[in-house]
Amino acid sequence: MRILDAIASAIAAVPGVGVLDRSADPDHHRSVITFAGRPEAIGEAAVAAVGEAVARIDLTHHTGVHPRIGAADVVPFVPLRDITLVECAWLAHAVGAEIWNRFSVPVFLYDAAAQTDSRRNLANVRKAAAHPPFPVPDFGQAAPHPTAGAVAVGARKILIAWNVFLADGNLEAAKEIARRIRQANGGLACVRALGLYLPAREQAQVSMNLIDFEVTPPHVVWEAISRIAAELGVQVATSELIGLIPESALRAAEAAGVDLRIEDFTPDRTLEARVRTIAM
């Protein structure tokens with residue numbers, strides 16, 4: 001946790017920026033820090049966060065079930081207010097260049113910041129960077145940093161990172177559910193999913209990114225997972241939220257009469273509630 005504390009402190013030290021949320025777990029071996037602020041300050045905070053990760057994390061000793069390409073795996077810029085997605089993409093370009101210039105970590109631009117269609121999907125960036133030969137990045141040389149790997153920097157809409165647990169450790173069932181719900185396989189629009197096994201919990205998990213929750217909200221995904229799980233003879237247990245969730249997604253679930261069974265959820269885990277706690 002000392003590393004996570006150091007990264008969060010580096011972010012919070014930038015005037016005009018506030019840390020909204022942080023999460024980590026041993027099976028994914030992955031941490032997520034959410035922060036917000038004025039456009040002129042948020043880029044500086046992102047660079048500072050990457051610098052701490054590069055200095056403190058040696059990827060050659062890293063294990064975990066979640067895919068990643070670097071010590072600072074992904075840095076997305078998301079428009080909340082007073083900025084457009086296009087402006088976030090410009091910011092991603094500037095931050096990407098600064099990361100390479102300061103830390104010699106190659107940078108791939110993705111989603112709305114991507115310079116080629118093949119890099120719009122973050123999964124494509126991860127897949128390309130994970131298999132030799134190492135691709136030519138948008139900033140830097142075609143070789144990973146020896147201990148910090150690479151980083152994907154992008155701009156995107158609000159994303160909900162959300163995982164659903166099965167009641168047991170049936171990894172094959174989790175993989176089949178993920179295969180059937182993910183957009184890439186003809187499933188639900190704007191849903192990316194993986195089936196994973198978490199040794200610490202002895203449970204299988206459908207790990208997801210809902211990249212446009214207004215197109216496919218969480219309650220629709222929950223119902224689809226529950227239906228497929230029943231077909232496969234397994235039970236859905238609970239879910240976990242990574243980071244924050246927009247209030248409108250919760251209202252939609254409530255209106256549909258769907259209990260998302262989010263573990264340890266409190267009303268302040270919404271994006272809007274946390275943004276209200278900082279000055280922007």
# chains A, B, ... in the order shown; residues from 1 in each chain; ligands from 1
>>> closest_atom_pairs(of="range 197-261 of chain A", to="range 1-21 of chain A", cutoff="10 Å", atoms="only C-alpha atoms", output="CSV")
residue,atom,partner,partner_atom,distance
A:Ile242,CA,A:Asp21,CA,9.2
A:Gly243,CA,A:Asp21,CA,6.1
A:Leu244,CA,A:Asp21,CA,7.3
>>> residues_around(residues="range 235-239 of chain A", least_positions_apart="3", cutoff="8 Å", atoms="only C-alpha atoms", output="VMD selection string")
chain A and resid 162 to 168 225 to 226 229 to 230 260 to 263
>>> write_last_selection(atoms="C-alpha atoms", output="PDB file, in the first residue's frame")
ATOM      1  CA  TRP A 162     -17.591  -3.733 -12.755  1.00  0.00           C
ATOM      2  CA  ASN A 163     -17.100  -7.402 -11.920  1.00  0.00           C
ATOM      3  CA  VAL A 164     -19.682 -10.108 -11.219  1.00  0.00           C
ATOM      4  CA  PHE A 165     -18.760 -13.089  -9.037  1.00  0.00           C
ATOM      5  CA  LEU A 166     -20.043 -16.603  -9.526  1.00  0.00           C
ATOM      6  CA  ALA A 167     -20.887 -18.560  -6.392  1.00  0.00           C
ATOM      7  CA  ASP A 168     -18.034 -20.993  -6.981  1.00  0.00           C
ATOM      8  CA  ILE A 225     -25.247 -12.873 -16.896  1.00  0.00           C
ATOM      9  CA  SER A 226     -27.891 -14.349 -14.594  1.00  0.00           C
ATOM     10  CA  ALA A 229     -25.392 -18.635 -15.653  1.00  0.00           C
ATOM     11  CA  ALA A 230     -28.699 -20.448 -15.105  1.00  0.00           C
ATOM     12  CA  LEU A 260     -26.806  -5.361  -8.584  1.00  0.00           C
ATOM     13  CA  ARG A 261     -25.592  -6.820  -5.259  1.00  0.00           C
ATOM     14  CA  ILE A 262     -22.539  -4.543  -5.157  1.00  0.00           C
ATOM     15  CA  GLU A 263     -20.341  -5.523  -2.230  1.00  0.00           C
TER      16      GLU A 263
END
>>> select_by_dssp(residues="range 28-155 of chain A", states="helix (DSSP H, G or I)", output="ChimeraX atom specification")
/A:39-56,59-61,85-103,117-119,122-130
>>> write_last_selection(atoms="N, CA and C atoms", output="short mmCIF file (atom, residue, chain, number, x, y, z; two decimals), in the first residue's frame")
data_model
loop_
_atom_site.label_atom_id
_atom_site.label_comp_id
_atom_site.auth_asym_id
_atom_site.auth_seq_id
_atom_site.Cartn_x
_atom_site.Cartn_y
_atom_site.Cartn_z
N PRO A 39 -8.70 21.22 -16.19
CA PRO A 39 -7.89 20.70 -17.29
C PRO A 39 -6.42 21.09 -17.21
N GLU A 40 -6.15 22.32 -16.77
CA GLU A 40 -4.76 22.79 -16.75
C GLU A 40 -3.95 22.09 -15.67
N ALA A 41 -4.60 21.47 -14.69
CA ALA A 41 -3.89 20.80 -13.61
C ALA A 41 -3.89 19.28 -13.75
N ILE A 42 -4.91 18.74 -14.38
CA ILE A 42 -5.08 17.29 -14.39
C ILE A 42 -3.98 16.59 -15.17
N GLY A 43 -3.47 17.23 -16.23
CA GLY A 43 -2.38 16.63 -16.98
C GLY A 43 -1.11 16.52 -16.15
N GLU A 44 -0.81 17.57 -15.41
CA GLU A 44 0.36 17.55 -14.53
C GLU A 44 0.23 16.44 -13.49
N ALA A 45 -0.97 16.27 -12.93
CA ALA A 45 -1.18 15.22 -11.94
C ALA A 45 -1.00 13.83 -12.54
N ALA A 46 -1.46 13.65 -13.77
CA ALA A 46 -1.31 12.35 -14.43
C ALA A 46 0.15 12.02 -14.67
N VAL A 47 0.91 13.00 -15.11
CA VAL A 47 2.35 12.78 -15.33
C VAL A 47 3.04 12.44 -14.01
N ALA A 48 2.67 13.15 -12.94
CA ALA A 48 3.27 12.88 -11.63
C ALA A 48 2.95 11.47 -11.17
N ALA A 49 1.71 11.01 -11.41
CA ALA A 49 1.31 9.66 -11.01
C ALA A 49 2.11 8.61 -11.77
N VAL A 50 2.28 8.81 -13.06
CA VAL A 50 3.06 7.87 -13.86
C VAL A 50 4.52 7.84 -13.39
N GLY A 51 5.05 9.01 -13.07
CA GLY A 51 6.43 9.07 -12.58
C GLY A 51 6.63 8.26 -11.32
N GLU A 52 5.69 8.35 -10.38
CA GLU A 52 5.79 7.55 -9.15
C GLU A 52 5.70 6.06 -9.46
N ALA A 53 4.80 5.68 -10.37
CA ALA A 53 4.66 4.26 -10.73
C ALA A 53 5.93 3.73 -11.38
N VAL A 54 6.51 4.50 -12.25
CA VAL A 54 7.74 4.09 -12.93
C VAL A 54 8.88 3.92 -11.92
N ALA A 55 8.96 4.83 -10.97
CA ALA A 55 10.05 4.80 -9.99
C ALA A 55 9.90 3.66 -8.99
N ARG A 56 8.66 3.24 -8.70
CA ARG A 56 8.43 2.33 -7.58
C ARG A 56 7.99 0.92 -7.97
N LEU A 59 7.96 -4.17 -13.14
CA LEU A 59 7.02 -5.07 -13.78
C LEU A 59 7.58 -6.48 -13.96
N THR A 60 8.90 -6.62 -13.91
CA THR A 60 9.49 -7.95 -14.08
C THR A 60 9.18 -8.86 -12.90
N HIS A 61 8.73 -8.29 -11.78
CA HIS A 61 8.35 -9.07 -10.61
C HIS A 61 6.84 -9.08 -10.38
N LEU A 85 -14.69 15.89 -25.26
CA LEU A 85 -13.90 14.68 -25.49
C LEU A 85 -12.73 14.98 -26.42
N VAL A 86 -12.94 15.85 -27.39
CA VAL A 86 -11.85 16.22 -28.31
C VAL A 86 -10.73 16.91 -27.54
N GLU A 87 -11.09 17.80 -26.63
CA GLU A 87 -10.08 18.49 -25.82
C GLU A 87 -9.35 17.50 -24.90
N CYS A 88 -10.07 16.49 -24.41
CA CYS A 88 -9.42 15.45 -23.62
C CYS A 88 -8.41 14.68 -24.46
N ALA A 89 -8.73 14.47 -25.73
CA ALA A 89 -7.80 13.79 -26.62
C ALA A 89 -6.53 14.62 -26.83
N TRP A 90 -6.70 15.93 -26.97
CA TRP A 90 -5.52 16.81 -27.09
C TRP A 90 -4.67 16.72 -25.83
N LEU A 91 -5.34 16.70 -24.69
CA LEU A 91 -4.62 16.58 -23.42
C LEU A 91 -3.87 15.26 -23.35
N ALA A 92 -4.48 14.18 -23.81
CA ALA A 92 -3.83 12.87 -23.81
C ALA A 92 -2.56 12.89 -24.67
N HIS A 93 -2.61 13.57 -25.79
CA HIS A 93 -1.42 13.69 -26.65
C HIS A 93 -0.30 14.42 -25.92
N ALA A 94 -0.65 15.52 -25.28
CA ALA A 94 0.37 16.31 -24.56
C ALA A 94 0.97 15.51 -23.41
N VAL A 95 0.13 14.81 -22.66
CA VAL A 95 0.61 14.02 -21.54
C VAL A 95 1.44 12.84 -22.03
N GLY A 96 1.02 12.21 -23.10
CA GLY A 96 1.80 11.10 -23.66
C GLY A 96 3.20 11.52 -24.04
N ALA A 97 3.31 12.66 -24.70
CA ALA A 97 4.63 13.17 -25.09
C ALA A 97 5.49 13.46 -23.86
N GLU A 98 4.87 14.03 -22.83
CA GLU A 98 5.61 14.37 -21.61
C GLU A 98 6.08 13.11 -20.87
N ILE A 99 5.26 12.07 -20.86
CA ILE A 99 5.66 10.81 -20.21
C ILE A 99 6.89 10.23 -20.88
N TRP A 100 6.91 10.22 -22.19
CA TRP A 100 8.09 9.71 -22.89
C TRP A 100 9.31 10.60 -22.62
N ASN A 101 9.12 11.90 -22.71
CA ASN A 101 10.24 12.83 -22.53
C ASN A 101 10.85 12.74 -21.13
N ARG A 102 10.02 12.57 -20.11
CA ARG A 102 10.52 12.56 -18.73
C ARG A 102 11.01 11.19 -18.28
N PHE A 103 10.32 10.13 -18.68
CA PHE A 103 10.57 8.83 -18.07
C PHE A 103 11.03 7.75 -19.04
N ASP A 117 -7.07 3.59 -36.37
CA ASP A 117 -8.27 2.86 -35.95
C ASP A 117 -7.91 1.61 -35.15
N SER A 118 -6.78 0.99 -35.46
CA SER A 118 -6.42 -0.26 -34.79
C SER A 118 -6.13 -0.06 -33.31
N ARG A 119 -5.89 1.18 -32.90
CA ARG A 119 -5.57 1.46 -31.50
C ARG A 119 -6.72 2.13 -30.75
N LEU A 122 -8.64 -0.48 -26.50
CA LEU A 122 -7.53 -0.71 -25.57
C LEU A 122 -7.08 -2.16 -25.60
N ALA A 123 -8.01 -3.09 -25.78
CA ALA A 123 -7.64 -4.51 -25.82
C ALA A 123 -6.68 -4.79 -26.96
N ASN A 124 -6.85 -4.11 -28.08
CA ASN A 124 -5.93 -4.30 -29.21
C ASN A 124 -4.54 -3.80 -28.87
N VAL A 125 -4.47 -2.68 -28.15
CA VAL A 125 -3.18 -2.13 -27.74
C VAL A 125 -2.46 -3.11 -26.82
N ARG A 126 -3.19 -3.64 -25.83
CA ARG A 126 -2.59 -4.59 -24.90
C ARG A 126 -2.12 -5.85 -25.62
N LYS A 127 -2.93 -6.34 -26.53
CA LYS A 127 -2.58 -7.57 -27.23
C LYS A 127 -1.32 -7.38 -28.08
N ALA A 128 -1.24 -6.25 -28.78
CA ALA A 128 -0.08 -5.98 -29.62
C ALA A 128 1.18 -5.81 -28.79
N ALA A 129 1.07 -5.13 -27.65
CA ALA A 129 2.25 -4.88 -26.82
C ALA A 129 2.73 -6.12 -26.08
N ALA A 130 1.84 -7.12 -25.95
CA ALA A 130 2.19 -8.31 -25.18
C ALA A 130 2.91 -9.38 -25.99
#
>>> atom_distance(atom1="CA of Thr216 in chain A", atom2="CA of Leu194 in chain A")
16.9 Å
>>> closest_residue(among="A:Arg38, A:Ala114, A:Leu210, A:Arg276", to="Pro137 in chain A", atoms="only C-alpha atoms")
A:Ala114
>>> closest_residue(among="A:Ala193, A:Asn185, A:Gly70, A:Pro132", to="Gly149 in chain A", atoms="only C-alpha atoms")
A:Gly70
>>> select_by_dssp(residues="range 116-232 of chain A", states="strand (DSSP E)", output="list in words")
Val151, Ala152, Val153, Gly154, Ala155, Ile160, Ala161, Trp162, Asn163, Val164, Phe165, Leu166, Val191, Arg192, Ala193, Leu194, Gly195, Leu196, Tyr197, Leu198, Gln203, Ala204, Gln205, Val206, Ser207, Met208, Asn209 and Leu210 of chain A
>>> residues_around(residues="Val215 in chain A", least_positions_apart="3", cutoff="10 Å", atoms="only C-alpha atoms", output="ChimeraX atom specification")
/A:188-191,210-212,218,220
>>> write_last_selection(atoms="N, CA and C atoms", output="PDB file, in the first residue's frame")
ATOM      1  N   LEU A 188     -23.461  -8.059 -26.003  1.00  0.00           N
ATOM      2  CA  LEU A 188     -24.050  -6.769 -25.647  1.00  0.00           C
ATOM      3  C   LEU A 188     -23.179  -5.615 -26.126  1.00  0.00           C
ATOM      4  N   ALA A 189     -23.817  -4.605 -26.688  1.00  0.00           N
ATOM      5  CA  ALA A 189     -23.086  -3.443 -27.186  1.00  0.00           C
ATOM      6  C   ALA A 189     -22.316  -2.763 -26.061  1.00  0.00           C
ATOM      7  N   CYS A 190     -21.089  -2.355 -26.357  1.00  0.00           N
ATOM      8  CA  CYS A 190     -20.266  -1.564 -25.444  1.00  0.00           C
ATOM      9  C   CYS A 190     -19.882  -2.318 -24.170  1.00  0.00           C
ATOM     10  N   VAL A 191     -19.840  -3.649 -24.239  1.00  0.00           N
ATOM     11  CA  VAL A 191     -19.416  -4.462 -23.100  1.00  0.00           C
ATOM     12  C   VAL A 191     -18.150  -5.225 -23.474  1.00  0.00           C
ATOM     13  N   LEU A 210     -17.838  -1.553 -18.911  1.00  0.00           N
ATOM     14  CA  LEU A 210     -19.005  -1.079 -19.651  1.00  0.00           C
ATOM     15  C   LEU A 210     -18.616   0.279 -20.226  1.00  0.00           C
ATOM     16  N   ILE A 211     -18.255   0.288 -21.503  1.00  0.00           N
ATOM     17  CA  ILE A 211     -17.623   1.480 -22.061  1.00  0.00           C
ATOM     18  C   ILE A 211     -18.634   2.563 -22.454  1.00  0.00           C
ATOM     19  N   ASP A 212     -19.913   2.219 -22.496  1.00  0.00           N
ATOM     20  CA  ASP A 212     -20.962   3.226 -22.651  1.00  0.00           C
ATOM     21  C   ASP A 212     -22.191   2.704 -21.902  1.00  0.00           C
ATOM     22  N   PRO A 218     -25.704  -1.327 -16.396  1.00  0.00           N
ATOM     23  CA  PRO A 218     -25.346  -2.492 -15.592  1.00  0.00           C
ATOM     24  C   PRO A 218     -26.489  -3.475 -15.354  1.00  0.00           C
ATOM     25  N   VAL A 220     -28.917  -4.350 -17.238  1.00  0.00           N
ATOM     26  CA  VAL A 220     -29.117  -5.198 -18.424  1.00  0.00           C
ATOM     27  C   VAL A 220     -28.041  -6.283 -18.472  1.00  0.00           C
TER      28      VAL A 220
END
